[in-house]
Amino acid sequence: MFDEKDVLTCIGSDADASEYHGSILPPIAQASLFRKSSAKELHESLKRENKDFVYSRGTNPTVKVLEERLAALERGEACKCFASGIAAISAVFMGLLKAGDHILFINNIYGPTIQLAEMLDSFGITHTSVLGDEITGFEDLIRPETALIYFESPGTMLFDLVPIAEIVSAARKRGILTCIDNSVSTPLFQKPLNLGVDLVVHSCTKYIGGHSDVVGGALITNNDLLERIFFRSYLLLGGIMSPHDAWLMLRGLMSLPNRLKQVQADALEIAKFLDSHPGIRKVHHPLIESNPLLDEQMTGHTGLFSAEIDVKGFDELCGFVDRLELFGKAVSWGGVESLVIPSFGFDDESNPTPLPTNLVRFSIGLEGAETLISDLESALE
Ligand SMILES: *Cc1c(COP(=O)(O)O)cnc(C)c1O
């Protein structure tokens, strides 16, 4: 399921604690700036601000511990952590693209990422999205000015997989960069850099933090791309992670393998229960139907899936959601408590969504499969 090396990285037991006086956990370097011994040393440090501690808007020792662990988990050369997942995504767009460039989005993408691309229209950066059955023809949508192919696999809400190796090869032939949002799989279940993807972004708010108590993001890539992004959109847009938030992320990361083990097993059991229930029309979980991409790209799936409920309208859909007692009605996912959210397709006809209007998404927490199944059973009656 997981690489043993990854478990040690998450726990931090392969770290060199002598760097922080043997302290069993990395200390929180709650400092905005770092003193140098001379004017010349300060001058030298400023020139290599991405590799030295000068000012915490650039680099901070606690944040750096998290960055090193995430880079190791993703098998990347370098990582920067951000104030949120969307800050990491905006740093990629703003740091690597210019007016005249085009982004191709593949798969159903996290809504605010597309809203950000829409905002970039006014800066001369355009985009196209391809999803659902159209994905097989994605190459036809690549333009001479396409500078970035951005995708999710599994995708938001429907958890469809896209062929990562095929996308990478189409992009490389044309010198186009590729970026994947790997938040859903986490680096434990999918390592896109090993498949040739150039950039990986994460919402660490979800499974990496894992306890619904901190918002953050990360970008993992090679040294060259990271340096470009560091001096342009990291330092200058300023959406940085604070040392205290990095410490909370490190604390969440320690239990990530164990949390994923339980939510993977429980979510699959619950998805199978729903799949055979007459009140459910379809379950969207990557491990429920066989798919050759699974073995190629992933070593497992987390606690997220969605289901189409046999209901006639928005009120009935909300009725089902409200009858659930153990599932919190809330946005976000990846914490220890189970959550549910409807796709909100019924109530806004001016905003047609590509999602089925009877869809609900579940994020399975640590309550236990049996307990959650009996809650679902009563809500479906
Ligand atoms: C939540 C989410 C994000 C944004 O992350 P924030 O930390 O909320 O900014 C990005 N991608 C996906 C797939 C998400 O679910």
# chains A, B, ... in the order shown; residues from 1 in each chain; ligands from 1

call {"tool": "residues_around", "arguments": {"residues": "range 103-110 of chain A", "least_positions_apart": "3", "cutoff": "8 Å", "atoms": "only C-alpha atoms", "output": "list in words"}}
result
Thr113, Ile114, Ile125, Thr126, His127, Thr128, Ser129, Val130, Leu131, Gly132, Ile135, Phe138, Leu141, Ile142, Thr146, Ala147, Leu148, Ile149, Tyr150, Phe151, Glu152, Ser153, Gly155, Thr156, Met157, Leu158, Asp160 and Val162 of chain A

call {"tool": "residues_around", "arguments": {"residues": "Pro356 in chain A", "least_positions_apart": "6", "cutoff": "12 Å", "atoms": "only C-alpha atoms", "output": "PDB file with N, CA and C atoms, in the first residue's frame"}}
result
ATOM      1  N   GLY A 132     -14.963  14.734 -18.899  1.00  0.00           N
ATOM      2  CA  GLY A 132     -15.883  13.648 -19.249  1.00  0.00           C
ATOM      3  C   GLY A 132     -15.398  12.848 -20.450  1.00  0.00           C
ATOM      4  N   MET A 157     -15.032  15.838  -7.348  1.00  0.00           N
ATOM      5  CA  MET A 157     -16.446  15.419  -7.289  1.00  0.00           C
ATOM      6  C   MET A 157     -16.756  14.068  -7.946  1.00  0.00           C
ATOM      7  N   LEU A 158     -16.218  13.783  -9.140  1.00  0.00           N
ATOM      8  CA  LEU A 158     -16.549  12.510  -9.809  1.00  0.00           C
ATOM      9  C   LEU A 158     -15.412  11.486  -9.736  1.00  0.00           C
ATOM     10  N   ARG A 281     -28.211   5.411  -7.413  1.00  0.00           N
ATOM     11  CA  ARG A 281     -28.140   5.131  -8.862  1.00  0.00           C
ATOM     12  C   ARG A 281     -26.727   4.799  -9.315  1.00  0.00           C
ATOM     13  N   LYS A 282     -25.742   5.488  -8.772  1.00  0.00           N
ATOM     14  CA  LYS A 282     -24.361   5.221  -9.211  1.00  0.00           C
ATOM     15  C   LYS A 282     -23.386   5.700  -8.143  1.00  0.00           C
ATOM     16  N   VAL A 283     -22.322   4.948  -7.963  1.00  0.00           N
ATOM     17  CA  VAL A 283     -21.271   5.356  -7.029  1.00  0.00           C
ATOM     18  C   VAL A 283     -20.021   5.719  -7.839  1.00  0.00           C
ATOM     19  N   HIS A 284     -19.405   6.856  -7.502  1.00  0.00           N
ATOM     20  CA  HIS A 284     -18.176   7.277  -8.186  1.00  0.00           C
ATOM     21  C   HIS A 284     -16.999   7.112  -7.226  1.00  0.00           C
ATOM     22  N   SER A 306     -18.197   9.850  -4.357  1.00  0.00           N
ATOM     23  CA  SER A 306     -19.505  10.487  -4.456  1.00  0.00           C
ATOM     24  C   SER A 306     -20.526   9.469  -4.930  1.00  0.00           C
ATOM     25  N   ALA A 307     -21.791   9.815  -4.791  1.00  0.00           N
ATOM     26  CA  ALA A 307     -22.858   8.886  -5.184  1.00  0.00           C
ATOM     27  C   ALA A 307     -24.040   9.676  -5.721  1.00  0.00           C
ATOM     28  N   GLU A 308     -24.687   9.091  -6.734  1.00  0.00           N
ATOM     29  CA  GLU A 308     -25.919   9.680  -7.268  1.00  0.00           C
ATOM     30  C   GLU A 308     -27.088   9.009  -6.552  1.00  0.00           C
ATOM     31  N   ILE A 309     -27.861   9.835  -5.872  1.00  0.00           N
ATOM     32  CA  ILE A 309     -28.957   9.324  -5.048  1.00  0.00           C
ATOM     33  C   ILE A 309     -30.229   9.277  -5.891  1.00  0.00           C
ATOM     34  N   ASP A 310     -31.073   8.279  -5.640  1.00  0.00           N
ATOM     35  CA  ASP A 310     -32.327   8.149  -6.397  1.00  0.00           C
ATOM     36  C   ASP A 310     -33.363   9.121  -5.829  1.00  0.00           C
ATOM     37  N   VAL A 311     -33.242  10.398  -6.210  1.00  0.00           N
ATOM     38  CA  VAL A 311     -34.166  11.434  -5.715  1.00  0.00           C
ATOM     39  C   VAL A 311     -34.697  12.231  -6.900  1.00  0.00           C
ATOM     40  N   GLY A 313     -35.514  15.731  -6.843  1.00  0.00           N
ATOM     41  CA  GLY A 313     -35.202  17.157  -6.917  1.00  0.00           C
ATOM     42  C   GLY A 313     -34.304  17.566  -5.773  1.00  0.00           C
ATOM     43  N   PHE A 314     -33.994  18.860  -5.733  1.00  0.00           N
ATOM     44  CA  PHE A 314     -33.064  19.393  -4.748  1.00  0.00           C
ATOM     45  C   PHE A 314     -33.564  19.188  -3.318  1.00  0.00           C
ATOM     46  N   LEU A 317     -33.009  15.675  -2.297  1.00  0.00           N
ATOM     47  CA  LEU A 317     -31.572  15.442  -2.109  1.00  0.00           C
ATOM     48  C   LEU A 317     -31.133  15.991  -0.742  1.00  0.00           C
ATOM     49  N   PRO A 342     -23.890  18.124  -0.977  1.00  0.00           N
ATOM     50  CA  PRO A 342     -24.547  17.893  -2.261  1.00  0.00           C
ATOM     51  C   PRO A 342     -23.882  18.730  -3.356  1.00  0.00           C
ATOM     52  N   SER A 343     -24.128  18.372  -4.641  1.00  0.00           N
ATOM     53  CA  SER A 343     -23.445  19.097  -5.713  1.00  0.00           C
ATOM     54  C   SER A 343     -24.071  20.459  -6.001  1.00  0.00           C
ATOM     55  N   PHE A 344     -25.156  20.807  -5.335  1.00  0.00           N
ATOM     56  CA  PHE A 344     -25.814  22.108  -5.511  1.00  0.00           C
ATOM     57  C   PHE A 344     -26.081  22.430  -6.980  1.00  0.00           C
ATOM     58  N   GLY A 345     -26.521  21.416  -7.732  1.00  0.00           N
ATOM     59  CA  GLY A 345     -26.834  21.646  -9.136  1.00  0.00           C
ATOM     60  C   GLY A 345     -28.286  22.021  -9.352  1.00  0.00           C
ATOM     61  N   PHE A 346     -29.171  21.634  -8.404  1.00  0.00           N
ATOM     62  CA  PHE A 346     -30.608  21.824  -8.602  1.00  0.00           C
ATOM     63  C   PHE A 346     -31.065  23.266  -8.435  1.00  0.00           C
TER      64      PHE A 346
END

call {"tool": "closest_residue", "arguments": {"among": "A:Asp213, A:Glu68, A:Glu166, A:Glu118", "to": "ligand 1", "atoms": "only C-alpha atoms and all ligand atoms"}}
result
A:Asp213

call {"tool": "residues_around", "arguments": {"residues": "Ala369 in chain A", "least_positions_apart": "4", "cutoff": "8 Å", "atoms": "only C-alpha atoms", "output": "list of chain:residue names"}}
result
A:Asp266, A:Ala267, A:Glu269, A:Ile270, A:Ile373

call {"tool": "write_last_selection", "arguments": {"atoms": "C-alpha atoms", "output": "JSON list (two decimals), in the first residue's frame"}}
result
[["chain", "number", "residue", "atom", "x", "y", "z"],
["A", 266, "ASP", "CA", -13.78, 2.14, 5.31],
["A", 267, "ALA", "CA", -14.61, 4.30, 2.28],
["A", 269, "GLU", "CA", -16.61, -0.77, 2.22],
["A", 270, "ILE", "CA", -19.16, 2.05, 2.41],
["A", 373, "ILE", "CA", -23.19, 2.38, 7.16]]

call {"tool": "residues_around", "arguments": {"residues": "Gly239 in chain A", "least_positions_apart": "3", "cutoff": "12 Å", "atoms": "only C-alpha atoms", "output": "VMD selection string"}}
result
chain A and resid 56 to 58 80 to 92 215 to 218 230 232 to 236 242

call {"tool": "write_last_selection", "arguments": {"atoms": "C-alpha atoms", "output": "short mmCIF file (atom, residue, chain, number, x, y, z; two decimals), in the first residue's frame"}}
result
data_model
loop_
_atom_site.label_atom_id
_atom_site.label_comp_id
_atom_site.auth_asym_id
_atom_site.auth_seq_id
_atom_site.Cartn_x
_atom_site.Cartn_y
_atom_site.Cartn_z
CA SER A 56 10.29 34.42 6.71
CA ARG A 57 8.38 35.65 3.67
CA GLY A 58 10.92 33.57 1.75
CA LYS A 80 7.58 25.43 -1.20
CA CYS A 81 4.64 25.65 1.18
CA PHE A 82 1.91 28.26 0.86
CA ALA A 83 -0.87 29.87 2.89
CA SER A 84 -3.43 27.69 1.06
CA GLY A 85 -3.76 25.25 -1.81
CA ILE A 86 -5.11 28.01 -4.02
CA ALA A 87 -2.04 30.18 -3.19
CA ALA A 88 0.19 27.36 -4.49
CA ILE A 89 -1.93 27.11 -7.66
CA SER A 90 -1.88 30.87 -8.23
CA ALA A 91 1.91 30.90 -7.73
CA VAL A 92 2.23 28.35 -10.55
CA VAL A 215 -5.26 25.85 5.87
CA GLY A 216 -2.18 25.45 3.66
CA GLY A 217 -0.77 24.40 0.31
CA ALA A 218 2.38 23.04 -1.30
CA PHE A 230 10.25 31.44 -5.66
CA ARG A 232 8.49 35.70 -8.88
CA SER A 233 5.29 34.54 -7.29
CA TYR A 234 6.39 33.18 -3.88
CA LEU A 235 8.26 36.22 -2.59
CA LEU A 236 6.21 38.76 -4.51
CA SER A 242 3.47 30.54 8.70
#

call {"tool": "select_by_dssp", "arguments": {"residues": "range 3-213 of chain A", "states": "strand (DSSP E or B)", "output": "short mmCIF file (atom, residue, chain, number, x, y, z; two decimals) with N, CA and C atoms, in the first residue's frame"}}
result
data_model
loop_
_atom_site.label_atom_id
_atom_site.label_comp_id
_atom_site.auth_asym_id
_atom_site.auth_seq_id
_atom_site.Cartn_x
_atom_site.Cartn_y
_atom_site.Cartn_z
N LEU A 33 12.65 37.27 10.92
CA LEU A 33 13.91 37.58 10.25
C LEU A 33 15.07 36.87 10.92
N TYR A 55 14.52 36.08 5.62
CA TYR A 55 13.26 36.71 5.99
C TYR A 55 12.18 35.65 5.82
N ALA A 78 12.45 19.79 -4.96
CA ALA A 78 12.23 20.94 -4.09
C ALA A 78 10.75 21.20 -3.87
N CYS A 79 10.44 21.85 -2.74
CA CYS A 79 9.05 22.14 -2.38
C CYS A 79 8.98 23.53 -1.74
N LYS A 80 7.90 24.24 -1.99
CA LYS A 80 7.58 25.43 -1.20
C LYS A 80 6.18 25.25 -0.65
N CYS A 81 5.97 25.73 0.58
CA CYS A 81 4.64 25.65 1.18
C CYS A 81 3.98 27.02 1.18
N PHE A 82 2.68 27.04 1.08
CA PHE A 82 1.91 28.26 0.86
C PHE A 82 0.80 28.40 1.91
N HIS A 102 -1.77 30.12 -22.96
CA HIS A 102 -3.04 29.39 -22.83
C HIS A 102 -2.84 28.20 -21.90
N ILE A 103 -3.84 27.95 -21.04
CA ILE A 103 -3.82 26.78 -20.14
C ILE A 103 -4.88 25.80 -20.63
N LEU A 104 -4.52 24.52 -20.73
CA LEU A 104 -5.51 23.48 -21.02
C LEU A 104 -5.79 22.71 -19.73
N PHE A 105 -7.05 22.75 -19.28
CA PHE A 105 -7.45 22.01 -18.08
C PHE A 105 -8.06 20.67 -18.50
N ILE A 106 -7.59 19.59 -17.90
CA ILE A 106 -8.14 18.27 -18.21
C ILE A 106 -8.77 17.68 -16.95
N THR A 126 -5.41 32.84 -21.41
CA THR A 126 -6.70 32.19 -21.71
C THR A 126 -6.65 30.72 -21.30
N HIS A 127 -7.82 30.09 -21.31
CA HIS A 127 -7.86 28.67 -20.96
C HIS A 127 -9.00 27.96 -21.66
N THR A 128 -8.88 26.64 -21.74
CA THR A 128 -9.93 25.75 -22.25
C THR A 128 -10.01 24.59 -21.27
N SER A 129 -11.22 24.04 -21.08
CA SER A 129 -11.37 22.87 -20.22
C SER A 129 -11.89 21.70 -21.03
N VAL A 130 -11.38 20.52 -20.73
CA VAL A 130 -11.93 19.32 -21.35
C VAL A 130 -12.22 18.32 -20.25
N THR A 146 -0.38 27.15 -26.10
CA THR A 146 -0.58 26.43 -24.83
C THR A 146 0.76 26.31 -24.11
N ALA A 147 0.80 26.82 -22.87
CA ALA A 147 2.06 26.82 -22.12
C ALA A 147 1.98 25.87 -20.92
N LEU A 148 0.76 25.49 -20.54
CA LEU A 148 0.59 24.66 -19.35
C LEU A 148 -0.61 23.74 -19.54
N ILE A 149 -0.41 22.44 -19.26
CA ILE A 149 -1.54 21.51 -19.16
C ILE A 149 -1.71 21.21 -17.69
N TYR A 150 -2.89 21.51 -17.16
CA TYR A 150 -3.16 21.40 -15.73
C TYR A 150 -4.28 20.38 -15.56
N PHE A 151 -4.08 19.40 -14.68
CA PHE A 151 -5.12 18.38 -14.54
C PHE A 151 -5.23 17.86 -13.11
N GLU A 152 -6.35 17.17 -12.87
CA GLU A 152 -6.56 16.46 -11.61
C GLU A 152 -6.84 15.00 -11.96
N LEU A 177 4.57 22.64 -20.25
CA LEU A 177 4.68 22.19 -18.86
C LEU A 177 3.39 21.50 -18.42
N THR A 178 3.53 20.53 -17.49
CA THR A 178 2.35 19.85 -16.94
C THR A 178 2.31 20.07 -15.42
N CYS A 179 1.10 20.23 -14.90
CA CYS A 179 0.91 20.39 -13.45
C CYS A 179 -0.30 19.58 -13.03
N ILE A 180 -0.16 18.81 -11.95
CA ILE A 180 -1.29 18.05 -11.41
C ILE A 180 -1.60 18.52 -10.00
N ASP A 181 -2.88 18.60 -9.68
CA ASP A 181 -3.33 18.79 -8.30
C ASP A 181 -3.48 17.39 -7.71
N LEU A 199 5.07 19.58 -12.36
CA LEU A 199 4.74 20.28 -11.11
C LEU A 199 3.57 19.58 -10.41
N VAL A 200 3.68 19.47 -9.08
CA VAL A 200 2.59 18.89 -8.29
C VAL A 200 2.15 19.94 -7.28
N VAL A 201 0.84 20.19 -7.20
CA VAL A 201 0.33 21.08 -6.15
C VAL A 201 -0.57 20.31 -5.20
N HIS A 202 -0.64 20.80 -3.96
CA HIS A 202 -1.46 20.17 -2.94
C HIS A 202 -2.24 21.22 -2.16
N SER A 203 -3.46 20.87 -1.81
CA SER A 203 -4.11 21.54 -0.71
C SER A 203 -3.76 20.73 0.53
#

call {"tool": "select_by_dssp", "arguments": {"residues": "range 159-275 of chain A", "states": "helix (DSSP H, G or I)", "output": "PyMOL selection string"}}
result
chain A and resi 164-173+186-189+192-195+223-237+243-254+256-275

call {"tool": "closest_residue", "arguments": {"among": "A:Ile208, A:Leu260, A:Ile220, A:Val54", "to": "Glu77 in chain A", "atoms": "only C-alpha atoms"}}
result
A:Ile220

call {"tool": "atom_distance", "arguments": {"atom1": "CA of Thr371 in chain A", "atom2": "CA of Met1 in chain A"}}
result
24.8 Å

call {"tool": "closest_residue", "arguments": {"among": "A:Thr59, A:Asp101, A:Gly111, A:Ile341", "to": "Ser32 in chain A", "atoms": "only C-alpha atoms"}}
result
A:Thr59

call {"tool": "residues_around", "arguments": {"residues": "Gly76 in chain A", "least_positions_apart": "4", "cutoff": "10 Å", "atoms": "only C-alpha atoms", "output": "list in words"}}
result
Glu68, Leu70, Ala71, Ala72, Lys191, Pro192, Leu193, Asn194, Asp198, Leu199, Val200, Leu219, Ile220, Thr221, Asn222 and Asn223 of chain A

call {"tool": "write_last_selection", "arguments": {"atoms": "N, CA, C and O atoms", "output": "mmCIF file, in the first residue's frame"}}
result
data_model
loop_
_atom_site.group_PDB
_atom_site.id
_atom_site.type_symbol
_atom_site.label_atom_id
_atom_site.label_comp_id
_atom_site.auth_asym_id
_atom_site.auth_seq_id
_atom_site.Cartn_x
_atom_site.Cartn_y
_atom_site.Cartn_z
ATOM 1 N N GLU A 68 10.878 19.865 3.104
ATOM 2 C CA GLU A 68 11.776 18.743 2.801
ATOM 3 C C GLU A 68 11.032 17.413 2.858
ATOM 4 O O GLU A 68 11.264 16.527 2.040
ATOM 5 N N LEU A 70 7.769 16.895 2.330
ATOM 6 C CA LEU A 70 6.835 16.767 1.197
ATOM 7 C C LEU A 70 7.597 16.502 -0.101
ATOM 8 O O LEU A 70 7.158 15.705 -0.935
ATOM 9 N N ALA A 71 8.762 17.159 -0.273
ATOM 10 C CA ALA A 71 9.573 16.902 -1.471
ATOM 11 C C ALA A 71 10.004 15.436 -1.496
ATOM 12 O O ALA A 71 9.930 14.771 -2.529
ATOM 13 N N ALA A 72 10.411 14.908 -0.338
ATOM 14 C CA ALA A 72 10.834 13.502 -0.276
ATOM 15 C C ALA A 72 9.664 12.575 -0.619
ATOM 16 O O ALA A 72 9.819 11.626 -1.382
ATOM 17 N N LYS A 191 2.412 9.224 -7.177
ATOM 18 C CA LYS A 191 3.636 10.041 -7.292
ATOM 19 C C LYS A 191 3.792 10.516 -8.731
ATOM 20 O O LYS A 191 4.516 9.922 -9.533
ATOM 21 N N PRO A 192 3.117 11.612 -9.086
ATOM 22 C CA PRO A 192 3.076 12.057 -10.485
ATOM 23 C C PRO A 192 4.438 12.456 -11.052
ATOM 24 O O PRO A 192 4.653 12.325 -12.255
ATOM 25 N N LEU A 193 5.369 12.926 -10.201
ATOM 26 C CA LEU A 193 6.682 13.321 -10.741
ATOM 27 C C LEU A 193 7.397 12.101 -11.316
ATOM 28 O O LEU A 193 8.115 12.201 -12.309
ATOM 29 N N ASN A 194 7.181 10.933 -10.705
ATOM 30 C CA ASN A 194 7.766 9.694 -11.238
ATOM 31 C C ASN A 194 7.202 9.359 -12.617
ATOM 32 O O ASN A 194 7.812 8.615 -13.372
ATOM 33 N N ASP A 198 5.645 17.743 -14.457
ATOM 34 C CA ASP A 198 6.632 18.744 -14.040
ATOM 35 C C ASP A 198 6.360 19.333 -12.658
ATOM 36 O O ASP A 198 7.283 19.615 -11.905
ATOM 37 N N LEU A 199 5.073 19.582 -12.359
ATOM 38 C CA LEU A 199 4.743 20.281 -11.106
ATOM 39 C C LEU A 199 3.573 19.576 -10.407
ATOM 40 O O LEU A 199 2.612 19.173 -11.067
ATOM 41 N N VAL A 200 3.680 19.466 -9.084
ATOM 42 C CA VAL A 200 2.591 18.890 -8.286
ATOM 43 C C VAL A 200 2.146 19.938 -7.276
ATOM 44 O O VAL A 200 2.984 20.526 -6.583
ATOM 45 N N LEU A 219 3.783 23.151 -3.241
ATOM 46 C CA LEU A 219 4.172 22.944 -4.634
ATOM 47 C C LEU A 219 5.472 22.161 -4.620
ATOM 48 O O LEU A 219 6.409 22.527 -3.903
ATOM 49 N N ILE A 220 5.518 21.069 -5.385
ATOM 50 C CA ILE A 220 6.733 20.254 -5.466
ATOM 51 C C ILE A 220 7.116 20.151 -6.938
ATOM 52 O O ILE A 220 6.270 19.838 -7.783
ATOM 53 N N THR A 221 8.392 20.408 -7.241
ATOM 54 C CA THR A 221 8.842 20.374 -8.629
ATOM 55 C C THR A 221 10.366 20.262 -8.661
ATOM 56 O O THR A 221 10.980 19.917 -7.645
ATOM 57 N N ASN A 222 10.985 20.543 -9.816
ATOM 58 C CA ASN A 222 12.453 20.488 -9.871
ATOM 59 C C ASN A 222 13.047 21.830 -9.404
ATOM 60 O O ASN A 222 12.332 22.830 -9.261
ATOM 61 N N ASN A 223 14.366 21.842 -9.181
ATOM 62 C CA ASN A 223 15.018 23.045 -8.639
ATOM 63 C C ASN A 223 14.840 24.267 -9.539
ATOM 64 O O ASN A 223 14.613 25.377 -9.050
#

call {"tool": "closest_residue", "arguments": {"among": "A:Ile176, A:Glu139, A:Gly210, A:Lys5", "to": "ligand 1", "atoms": "only C-alpha atoms and all ligand atoms"}}
result
A:Gly210

call {"tool": "closest_residue", "arguments": {"among": "A:Met119, A:Leu66, A:Leu225, A:Ala29", "to": "Leu96 in chain A", "atoms": "only C-alpha atoms"}}
result
A:Leu225

call {"tool": "closest_residue", "arguments": {"among": "A:Arg361, A:His301, A:Lys261, A:Lys206", "to": "ligand 1", "atoms": "only C-alpha atoms and all ligand atoms"}}
result
A:Lys206

call {"tool": "residues_around", "arguments": {"residues": "Phe362 in chain A", "least_positions_apart": "4", "cutoff": "6 Å", "atoms": "only C-alpha atoms", "output": "PyMOL selection string"}}
result
chain A and resi 304-306+339-340

call {"tool": "residues_around", "arguments": {"residues": "Leu253 in chain A", "least_positions_apart": "3", "cutoff": "8 Å", "atoms": "only C-alpha atoms", "output": "ChimeraX atom specification"}}
result
/A:10-11,208-210,249-250,256
